[in-house]
Structure formats: structure tokens, C-alpha cells
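Colleague: This is the structure I have questions about; it appears just below.
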Amino acid sequence: MADLVDLRSDTLTRPTEAMRLAMSRAEVGDDVYGEDPTVRRLEEKVAELFGHPAALFTPTGSMANVLAVRSLVAPGQEVLCESSAHIARAELGAHAVYNQVTMRTWTHPRGGVDLPAVQQLFAPDMGPFFVPTAAVSVENTHNFAGGTVTPLEGLRALRAWADSVGAAVHVDGARIWNAHVATGTSLRDYGAVADVMAVCLSKGLGAPVGSLLMGSTDAVAEARVWRKRMGGGMRQVGILAAAGLHALDHHVERLAQDHAHARLLAEACGVDPAGVDTNIVVVDHDDAAGFVTAAAAEGVRVSAVGPRTVRLVTHLDVSPADVERAATVLARL
Ligand SMILES: *Cc1c(COP(=O)(O)O)cnc(C)c1O
């Protein structure tokens, strides 16, 4: 059988030879002492890209999100988010366990901002019986809604309203790079709507590990302390930061290819490609688990994310030939 085409996730990418070479040559030091020059370079570069004063390298996006929400929401307060947000569904309750915060949610079919709903939920000071709202969290692109882009106008409207009422804004930008490439909106424009933002290097960018959180100098300094407290202080981690720097230099613009591949797969599966913003395709199927098994038997791995929902994700390790083969198999099924 030909090689497997693995469309389960864009986290499955393996570092390229060029990335491994960059990693092997990285200048390193003890990052807990603030002495790893490659980590510092990555943190400065990412902060600069998004127009934030400071950034912090973390092992995972989940940790970046936990530290980000912690910086905005005190124990006993709440954060508002979309009902299928990664912070609500996919971080195993980390925000309850570590941050001691609660969440209330709005629902949006494309995972976007429903400002009137946010305004209705927002309750910063309703007296001694109600949880005070401290922040609103937005995900861009939205993973479980199918890699959808949250339009900049909606984000700016949220930012303007949040400023007017004193709410903080967290952006989970695990795949903000995909939104940037799909829309041409600058990373700075996306950065400007967030008080604190998290981004991943280990998804479509193809680094083996690594995320960053960015925000004010104070927020990042405090997050640095909490990262260590949570066991996330890393030593000669410039080896990994070098992979991230390499990814930023070589793997951002190429995301456009993943997006084109996703539209091809959508078409093959009878999904309107116009609804596919980036690299994730959500396919409705009566028997998602059966579809996953049948596709795997033909060398195409996809995942079931609901009893009737299949997810396909394109990435760096999926070639044009792989997409062609997967499209043939999936269309037949
Ligand atoms: C992947 C992802 C994260 C972080 O996940 P980790 O596996 O902890 O790196 C955060 N938010 C979204 C939307 C994601 O897709």
C-alpha cells in the first residue's frame, strides 16, 4: 500500500531536514536564567510581529492559554467564550483546575463573535451573588467550527466595546497564521485586538513543540513566574525555539497551499469549498466512525469529532499527490 495520508491533525507534522539543521545549530543557554539567546530572539520576534511589548515561550498552546486567561481573570471570576472554544472543550478543564475561573458561553455557527450575546452575558458587577465577568476570549481560526476565520471587523467591534466597559480580551490564535494568510490581514492588526494572545508553532507551522503567549510587559513577567510554578521552566530550550524561528521564516506563506488542498478535499466530499476558510474541513456523515475506519483501510486517516462529524486537516506533510489520492478515496466513500 502507498504511504498513509494523515489528515487527522496539523499537529502531526514532523520537522523537516532544514528545520532539524537549524535546531542542531541553535545557540543555547539556561532559559530559566533568561540566558537562552535563541528563545529570547523568538520571544522578541513574535512580540514584534503582533505589536505586543513582550512574549513568553511555552511548551504547549494549552499552557499559553492557561497563563493568558490567568493574567486577565482572577479566581472566582469568569471568562466568556464561544461554546465550542478550545479553552472550554479541549483543555481538560485546565481553566477550572489551575485558574479557578468559570466560563459562560455564546454559540455561533462559525465560532465567531456574537457581540450582542457577549454584551448580554457580560456582568462585571452584579452584587454579591453573581460571578463577575473579567474577560472575553475569542478563537481565530476557530478549530471545532472548521478552521473558520473570525473577521477583523467583528474583532475590532469587540475590542471597542470591551474598552468602553473595561473588559479584557484574550485571543486564542493557535492558528492565527492561517487566518493571516487566508485574509491578508496583518498579524499586527490581529494583535491589536487582544490584551493577551496565544499562538502555536506546532500546528501548521510544523515545529515539533512550542507556543507563545504575548501581552504587556507586566502580564508576561507574571506569566513567566506562573510558567515556572506550573513546571514549565525549560533550560537549553533554544533547540526548540530555533525550530519556531525556522518555521516563521519558511512555513507561513506556504499555508496557502494547505488551504487550497482543503478546498479540493471539501469538493471531493461534497462540502461547499466556499465555506472552507483555511486548512480544516468538516464533513457530515451518518456514520462518522464507520467512515473513519473505511478511509483508514484505504490508507487515508481522518478523525471523527462527533457521531456524525468527520474532520480533515491539511498540513505541511500532505503533498499535492497525497491530496489527489485522498480526494479519490474520500469521494468514493
Ligand atoms: C491546538 C490548539 C491549542 C493548543 O493545544 P496544545 O496541544 O496544548 O498545544 C489551543 N487552541 C486551539 C484553538 C488549538 O487548536
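Chain labels run A, B, ... following the order of the C-alpha cells; each chain numbers its residues from 1, and ligands are numbered from 1 in the order shown.
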Please identify the residues whose atoms come within 9 Å of ligand 1, using only C-alpha atoms and all ligand atoms, and report them as a PyMOL selection string.

Modeller: chain A and resi 10-11+59-65+85-87+90-91+139-144+147+172-175+198-203+209-211

Colleague: Write to file, as a compact mmCIF listing (two decimals), in the first residue's frame, the residues of the selection just made, with N, CA, C and O atoms.

Modeller:
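Contents of part.txt, as written:
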# COMPACT_ATOMS: atom_id res chain seq x y z
N ASP A 10 -3.09 18.91 12.00
CA ASP A 10 -1.86 19.58 11.56
C ASP A 10 -0.79 19.58 12.65
O ASP A 10 0.28 20.16 12.49
N THR A 11 -1.06 18.89 13.77
CA THR A 11 -0.02 18.72 14.79
C THR A 11 0.88 17.53 14.45
O THR A 11 1.87 17.31 15.13
N PRO A 59 5.70 25.41 26.42
CA PRO A 59 5.74 24.11 25.76
C PRO A 59 4.51 23.83 24.91
O PRO A 59 4.60 23.17 23.89
N THR A 60 3.34 24.28 25.36
CA THR A 60 2.11 23.97 24.62
C THR A 60 1.21 25.21 24.51
O THR A 60 1.35 26.16 25.29
N GLY A 61 0.28 25.10 23.58
CA GLY A 61 -0.73 26.15 23.45
C GLY A 61 -1.68 26.14 24.64
O GLY A 61 -2.17 27.19 25.06
N SER A 62 -1.94 24.96 25.17
CA SER A 62 -2.81 24.90 26.34
C SER A 62 -2.18 25.67 27.50
O SER A 62 -2.88 26.41 28.20
N MET A 63 -0.88 25.51 27.71
CA MET A 63 -0.26 26.26 28.80
C MET A 63 -0.28 27.77 28.51
O MET A 63 -0.54 28.57 29.40
N ALA A 64 -0.06 28.13 27.26
CA ALA A 64 -0.12 29.56 26.91
C ALA A 64 -1.51 30.11 27.21
O ALA A 64 -1.65 31.21 27.76
N ASN A 65 -2.56 29.34 26.86
CA ASN A 65 -3.92 29.80 27.14
C ASN A 65 -4.20 29.88 28.64
O ASN A 65 -4.84 30.83 29.10
N ALA A 85 -15.28 26.60 21.99
CA ALA A 85 -13.90 27.10 22.07
C ALA A 85 -12.97 26.04 22.63
O ALA A 85 -13.36 25.25 23.49
N HIS A 86 -11.73 26.06 22.16
CA HIS A 86 -10.72 25.13 22.66
C HIS A 86 -10.54 25.27 24.17
O HIS A 86 -10.41 24.27 24.88
N ILE A 87 -10.57 26.51 24.69
CA ILE A 87 -10.36 26.69 26.14
C ILE A 87 -11.51 26.05 26.93
O ILE A 87 -11.31 25.63 28.07
N ALA A 90 -11.39 21.65 25.00
CA ALA A 90 -10.26 20.77 24.66
C ALA A 90 -9.07 20.92 25.59
O ALA A 90 -7.99 20.43 25.27
N GLU A 91 -9.22 21.60 26.70
CA GLU A 91 -8.07 21.73 27.60
C GLU A 91 -8.34 21.02 28.93
O GLU A 91 -7.72 21.32 29.94
N GLU A 139 -11.45 32.79 19.59
CA GLU A 139 -10.53 31.85 18.93
C GLU A 139 -10.47 32.15 17.43
O GLU A 139 -11.50 32.26 16.79
N ASN A 140 -9.24 32.26 16.89
CA ASN A 140 -9.09 32.61 15.49
C ASN A 140 -7.79 32.01 14.94
O ASN A 140 -6.73 32.38 15.38
N THR A 141 -7.90 31.05 13.99
CA THR A 141 -9.12 30.50 13.44
C THR A 141 -9.78 29.59 14.49
O THR A 141 -9.12 29.16 15.43
N HIS A 142 -11.05 29.32 14.27
CA HIS A 142 -11.79 28.51 15.22
C HIS A 142 -11.68 27.04 14.83
O HIS A 142 -12.13 26.64 13.76
N ASN A 143 -11.07 26.26 15.70
CA ASN A 143 -10.76 24.86 15.40
C ASN A 143 -12.03 24.03 15.14
O ASN A 143 -12.25 23.52 14.05
N PHE A 144 -12.89 23.91 16.14
CA PHE A 144 -14.03 22.99 16.00
C PHE A 144 -15.12 23.49 15.07
O PHE A 144 -15.96 22.71 14.62
N GLY A 147 -11.88 25.56 11.25
CA GLY A 147 -10.81 26.45 10.76
C GLY A 147 -11.33 27.78 10.25
O GLY A 147 -10.72 28.40 9.37
N ASP A 172 -7.22 33.33 21.42
CA ASP A 172 -6.57 32.05 21.21
C ASP A 172 -6.25 31.98 19.73
O ASP A 172 -7.09 31.62 18.91
N GLY A 173 -5.03 32.36 19.40
CA GLY A 173 -4.61 32.41 18.00
C GLY A 173 -3.71 31.24 17.64
O GLY A 173 -2.72 31.41 16.93
N ALA A 174 -4.08 30.05 18.11
CA ALA A 174 -3.29 28.85 17.80
C ALA A 174 -3.00 28.79 16.29
O ALA A 174 -1.88 28.49 15.88
N ARG A 175 -4.02 29.12 15.47
CA ARG A 175 -3.85 29.11 14.02
C ARG A 175 -4.06 30.51 13.43
O ARG A 175 -4.60 30.65 12.33
N ALA A 198 -2.43 34.05 22.55
CA ALA A 198 -1.61 32.84 22.48
C ALA A 198 -1.52 32.41 21.02
O ALA A 198 -2.50 32.50 20.28
N VAL A 199 -0.34 31.96 20.60
CA VAL A 199 -0.15 31.45 19.23
C VAL A 199 0.66 30.15 19.30
O VAL A 199 1.47 29.97 20.20
N CYS A 200 0.41 29.24 18.34
CA CYS A 200 1.11 27.95 18.31
C CYS A 200 2.08 27.88 17.13
O CYS A 200 1.74 28.31 16.02
N LEU A 201 3.22 27.27 17.38
CA LEU A 201 4.19 27.00 16.31
C LEU A 201 4.11 25.55 15.86
O LEU A 201 4.70 25.16 14.87
N SER A 202 3.36 24.74 16.63
CA SER A 202 3.39 23.29 16.45
C SER A 202 2.20 22.77 15.64
O SER A 202 1.99 21.57 15.55
N LYS A 203 1.42 23.68 15.07
CA LYS A 203 0.31 23.24 14.20
C LYS A 203 0.80 23.34 12.76
O LYS A 203 1.77 22.69 12.42
N VAL A 209 7.35 21.41 18.75
CA VAL A 209 6.85 21.85 20.05
C VAL A 209 6.85 23.37 20.05
O VAL A 209 7.68 23.98 19.41
N GLY A 210 5.96 23.96 20.81
CA GLY A 210 6.14 25.37 21.12
C GLY A 210 4.97 26.26 20.80
O GLY A 210 4.31 26.13 19.77
N SER A 211 4.68 27.13 21.75
CA SER A 211 3.66 28.16 21.61
C SER A 211 4.19 29.41 22.29
O SER A 211 5.20 29.35 23.00

Colleague: Using backbone DSSP assignments, extract all helix (DSSP H, G or I) residues from segment 173-316 of chain A; output them as a PyMOL selection string.

Modeller: chain A and resi 176-183+187-192+217-229+238-250+255-268+273-275+288-297

Colleague: Take the residues just selected and output them with C-alpha atoms as a PDB file, in the first residue's frame.

Modeller:
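Contents of the output file part.pdb:
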ATOM      1  CA  ILE A 176      -3.766  32.894  13.606  1.00  0.00           C
ATOM      2  CA  TRP A 177      -1.137  32.320  10.898  1.00  0.00           C
ATOM      3  CA  ASN A 178      -3.786  30.571   8.793  1.00  0.00           C
ATOM      4  CA  ALA A 179      -6.189  33.496   9.272  1.00  0.00           C
ATOM      5  CA  HIS A 180      -3.423  35.921   8.276  1.00  0.00           C
ATOM      6  CA  VAL A 181      -2.544  34.011   5.099  1.00  0.00           C
ATOM      7  CA  ALA A 182      -6.194  33.389   4.143  1.00  0.00           C
ATOM      8  CA  THR A 183      -7.289  37.022   4.521  1.00  0.00           C
ATOM      9  CA  LEU A 187      -0.550  39.925  12.299  1.00  0.00           C
ATOM     10  CA  ARG A 188      -0.302  43.400  13.857  1.00  0.00           C
ATOM     11  CA  ASP A 189      -3.958  44.109  13.144  1.00  0.00           C
ATOM     12  CA  TYR A 190      -4.892  40.801  14.762  1.00  0.00           C
ATOM     13  CA  GLY A 191      -2.541  41.510  17.667  1.00  0.00           C
ATOM     14  CA  ALA A 192      -4.099  44.917  18.286  1.00  0.00           C
ATOM     15  CA  THR A 217       5.450  43.544  29.992  1.00  0.00           C
ATOM     16  CA  ASP A 218       3.784  43.036  33.381  1.00  0.00           C
ATOM     17  CA  ALA A 219       1.421  40.298  32.179  1.00  0.00           C
ATOM     18  CA  VAL A 220       4.283  38.406  30.543  1.00  0.00           C
ATOM     19  CA  ALA A 221       6.544  38.806  33.596  1.00  0.00           C
ATOM     20  CA  GLU A 222       3.819  37.355  35.800  1.00  0.00           C
ATOM     21  CA  ALA A 223       3.146  34.558  33.306  1.00  0.00           C
ATOM     22  CA  ARG A 224       6.863  33.724  33.412  1.00  0.00           C
ATOM     23  CA  VAL A 225       6.603  33.157  37.164  1.00  0.00           C
ATOM     24  CA  TRP A 226       3.477  31.030  36.781  1.00  0.00           C
ATOM     25  CA  ARG A 227       5.009  29.023  33.959  1.00  0.00           C
ATOM     26  CA  LYS A 228       7.828  28.046  36.325  1.00  0.00           C
ATOM     27  CA  ARG A 229       5.384  27.359  39.135  1.00  0.00           C
ATOM     28  CA  GLY A 238      16.742  27.308  22.227  1.00  0.00           C
ATOM     29  CA  ILE A 239      16.889  23.999  20.359  1.00  0.00           C
ATOM     30  CA  LEU A 240      13.099  24.170  20.151  1.00  0.00           C
ATOM     31  CA  ALA A 241      12.902  27.933  19.705  1.00  0.00           C
ATOM     32  CA  ALA A 242      15.164  27.528  16.673  1.00  0.00           C
ATOM     33  CA  ALA A 243      12.529  25.270  15.121  1.00  0.00           C
ATOM     34  CA  GLY A 244       9.969  28.021  15.691  1.00  0.00           C
ATOM     35  CA  LEU A 245      12.182  30.703  14.154  1.00  0.00           C
ATOM     36  CA  HIS A 246      12.767  28.460  11.159  1.00  0.00           C
ATOM     37  CA  ALA A 247       9.020  27.879  10.837  1.00  0.00           C
ATOM     38  CA  LEU A 248       8.288  31.608  10.936  1.00  0.00           C
ATOM     39  CA  ASP A 249      10.809  32.216   8.162  1.00  0.00           C
ATOM     40  CA  HIS A 250       9.798  29.331   5.913  1.00  0.00           C
ATOM     41  CA  LEU A 255      -0.090  27.732   4.420  1.00  0.00           C
ATOM     42  CA  ALA A 256      -1.919  28.986   1.309  1.00  0.00           C
ATOM     43  CA  GLN A 257      -1.153  25.593  -0.223  1.00  0.00           C
ATOM     44  CA  ASP A 258      -2.788  23.798   2.718  1.00  0.00           C
ATOM     45  CA  HIS A 259      -5.861  25.988   2.243  1.00  0.00           C
ATOM     46  CA  ALA A 260      -6.061  25.121  -1.468  1.00  0.00           C
ATOM     47  CA  HIS A 261      -5.694  21.443  -0.570  1.00  0.00           C
ATOM     48  CA  ALA A 262      -8.511  21.714   1.959  1.00  0.00           C
ATOM     49  CA  ARG A 263     -10.840  23.190  -0.665  1.00  0.00           C
ATOM     50  CA  LEU A 264     -10.009  20.303  -3.032  1.00  0.00           C
ATOM     51  CA  LEU A 265     -10.832  17.764  -0.319  1.00  0.00           C
ATOM     52  CA  ALA A 266     -14.047  19.625   0.515  1.00  0.00           C
ATOM     53  CA  GLU A 267     -15.151  19.401  -3.076  1.00  0.00           C
ATOM     54  CA  ALA A 268     -14.377  15.671  -3.177  1.00  0.00           C
ATOM     55  CA  PRO A 273     -15.402  24.825  -0.680  1.00  0.00           C
ATOM     56  CA  ALA A 274     -16.594  28.422  -0.265  1.00  0.00           C
ATOM     57  CA  GLY A 275     -17.238  27.593   3.389  1.00  0.00           C
ATOM     58  CA  ALA A 288     -18.550   9.087  11.234  1.00  0.00           C
ATOM     59  CA  ALA A 289     -16.789   6.190  12.968  1.00  0.00           C
ATOM     60  CA  GLY A 290     -17.523   3.828  10.063  1.00  0.00           C
ATOM     61  CA  PHE A 291     -16.240   6.411   7.592  1.00  0.00           C
ATOM     62  CA  VAL A 292     -13.010   6.806   9.584  1.00  0.00           C
ATOM     63  CA  THR A 293     -12.445   3.021   9.579  1.00  0.00           C
ATOM     64  CA  ALA A 294     -13.223   2.651   5.870  1.00  0.00           C
ATOM     65  CA  ALA A 295     -10.899   5.531   4.947  1.00  0.00           C
ATOM     66  CA  ALA A 296      -8.102   4.105   7.120  1.00  0.00           C
ATOM     67  CA  ALA A 297      -8.432   0.759   5.332  1.00  0.00           C
TER      68      ALA A 297
END

Colleague: With distances taken over only C-alpha atoms, which residue among A:Gln236, A:Asp195, A:Leu158, A:Phe130 lies nearest Pro116 of chain A?

Modeller: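 Smallest distance to Pro116 of chain A is found for A:Leu158.
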
Colleague: List every residue of segment 85-323 of chain A that DSSP, applied to the backbone of this structure, places in strand (DSSP E), and write the result as number ranges by chain.

Modeller: A: 102-106, 133-139, 168-173, 196-200, 211-215, 280-284, 300-301, 303-306, 309-313

Colleague: Atoms to include: C-alpha atoms. Write the selected residues as a tab-separated table (two decimals), in the first residue's frame.

Modeller:
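Output file out-v6.tsv follows:
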chain	number	residue	atom	x	y	z
A	102	THR	CA	-15.75	29.78	35.49
A	103	MET	CA	-16.96	30.20	31.92
A	104	ARG	CA	-20.19	31.17	30.27
A	105	THR	CA	-20.58	30.77	26.55
A	106	TRP	CA	-22.34	32.09	23.49
A	133	THR	CA	-17.05	38.80	34.22
A	134	ALA	CA	-13.44	39.80	33.67
A	135	ALA	CA	-12.64	38.84	30.09
A	136	VAL	CA	-13.90	37.68	26.73
A	137	SER	CA	-11.97	35.01	24.82
A	138	VAL	CA	-12.04	34.64	21.04
A	139	GLU	CA	-10.53	31.85	18.93
A	168	ALA	CA	-10.22	42.35	28.76
A	169	VAL	CA	-9.86	40.38	25.53
A	170	HIS	CA	-7.95	37.10	25.14
A	171	VAL	CA	-7.32	35.75	21.65
A	172	ASP	CA	-6.57	32.05	21.21
A	173	GLY	CA	-4.61	32.41	18.00
A	196	VAL	CA	-3.20	38.84	25.79
A	197	MET	CA	-2.85	36.40	22.93
A	198	ALA	CA	-1.61	32.84	22.48
A	199	VAL	CA	-0.15	31.45	19.23
A	200	CYS	CA	1.11	27.95	18.31
A	211	SER	CA	3.66	28.16	21.61
A	212	LEU	CA	3.90	31.73	22.78
A	213	LEU	CA	1.80	34.00	24.89
A	214	MET	CA	2.11	37.74	24.43
A	215	GLY	CA	0.86	40.83	26.13
A	280	ILE	CA	-9.79	22.30	8.17
A	281	VAL	CA	-12.75	20.60	6.50
A	282	VAL	CA	-15.75	19.40	8.48
A	283	VAL	CA	-17.78	16.67	6.75
A	284	ASP	CA	-21.20	15.49	7.89
A	300	VAL	CA	-6.34	7.79	4.48
A	301	ARG	CA	-6.54	8.73	8.13
A	303	SER	CA	-10.88	11.76	12.55
A	304	ALA	CA	-14.40	11.65	13.95
A	305	VAL	CA	-15.08	14.69	16.11
A	306	GLY	CA	-18.74	13.79	16.69
A	309	THR	CA	-18.93	14.68	12.09
A	310	VAL	CA	-15.64	13.90	10.39
A	311	ARG	CA	-12.71	16.32	10.37
A	312	LEU	CA	-9.94	16.56	7.77
A	313	VAL	CA	-6.90	18.77	8.31

Colleague: Here is a test: counting only C-alpha atoms, which residue of A:Val323, A:Glu253, A:Arg14, A:Leu4 is nearest to Gly206 of chain A?

Modeller: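 With only C-alpha atoms as the atom set, the closest residue is A:Arg14.
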
Colleague: Nearest residue to Pro151 of chain A out of A:Glu35, A:Asp277, A:Asp30, A:Glu43, using only C-alpha atoms?

Modeller: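 Ranked by minimum distance to Pro151 of chain A, first place goes to A:Asp277.
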
Colleague: Using only C-alpha atoms, find the one residue out of A:His95, A:Arg40, A:Lys45, A:Arg308 that sits nearest to Val66 of chain A.

Modeller: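 Ranked by minimum distance to Val66 of chain A, first place goes to A:His95.
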
Colleague: Between A:Leu72, A:Val149, A:Ser164, A:Ala157, which has the minimum distance to Asp114 of chain A (counting only C-alpha atoms)?

Modeller: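 Closest candidate: A:Ala157.
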
Colleague: Please produce, as JSON lines, a per-residue contact table for segment 157-253 of chain A versus segment 122-129 of chain A (criterion: any atom at most 9 Å away, only C-alpha atoms considered), showing the nearest atom pair and its distance in Å to one decimal, sorted by chain then residue number.

Modeller:
{"residue": "A:Val165", "atom": "CA", "partner": "A:Pro124", "partner_atom": "CA", "distance": 8.9}
{"residue": "A:Gly166", "atom": "CA", "partner": "A:Pro124", "partner_atom": "CA", "distance": 8.8}
{"residue": "A:Ala167", "atom": "CA", "partner": "A:Pro124", "partner_atom": "CA", "distance": 8.1}

Colleague: Restricting it to all heavy atoms, dump the selection as an mmCIF file, in the first residue's frame.

Modeller:
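part.cif was written with the following content:
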data_model
loop_
_atom_site.group_PDB
_atom_site.id
_atom_site.type_symbol
_atom_site.label_atom_id
_atom_site.label_comp_id
_atom_site.auth_asym_id
_atom_site.auth_seq_id
_atom_site.Cartn_x
_atom_site.Cartn_y
_atom_site.Cartn_z
ATOM 1 N N VAL A 165 -16.283 49.269 28.255
ATOM 2 C CA VAL A 165 -16.840 48.732 29.505
ATOM 3 C C VAL A 165 -15.768 48.183 30.458
ATOM 4 O O VAL A 165 -16.087 47.677 31.533
ATOM 5 C CB VAL A 165 -17.894 47.617 29.233
ATOM 6 C CG1 VAL A 165 -19.067 48.165 28.450
ATOM 7 C CG2 VAL A 165 -17.259 46.423 28.514
ATOM 8 N N GLY A 166 -14.511 48.228 30.025
ATOM 9 C CA GLY A 166 -13.431 47.748 30.887
ATOM 10 C C GLY A 166 -13.281 46.238 30.920
ATOM 11 O O GLY A 166 -12.799 45.683 31.911
ATOM 12 N N ALA A 167 -13.671 45.557 29.843
ATOM 13 C CA ALA A 167 -13.452 44.106 29.765
ATOM 14 C C ALA A 167 -12.107 43.842 29.076
ATOM 15 O O ALA A 167 -11.671 44.628 28.240
ATOM 16 C CB ALA A 167 -14.572 43.437 28.977
#
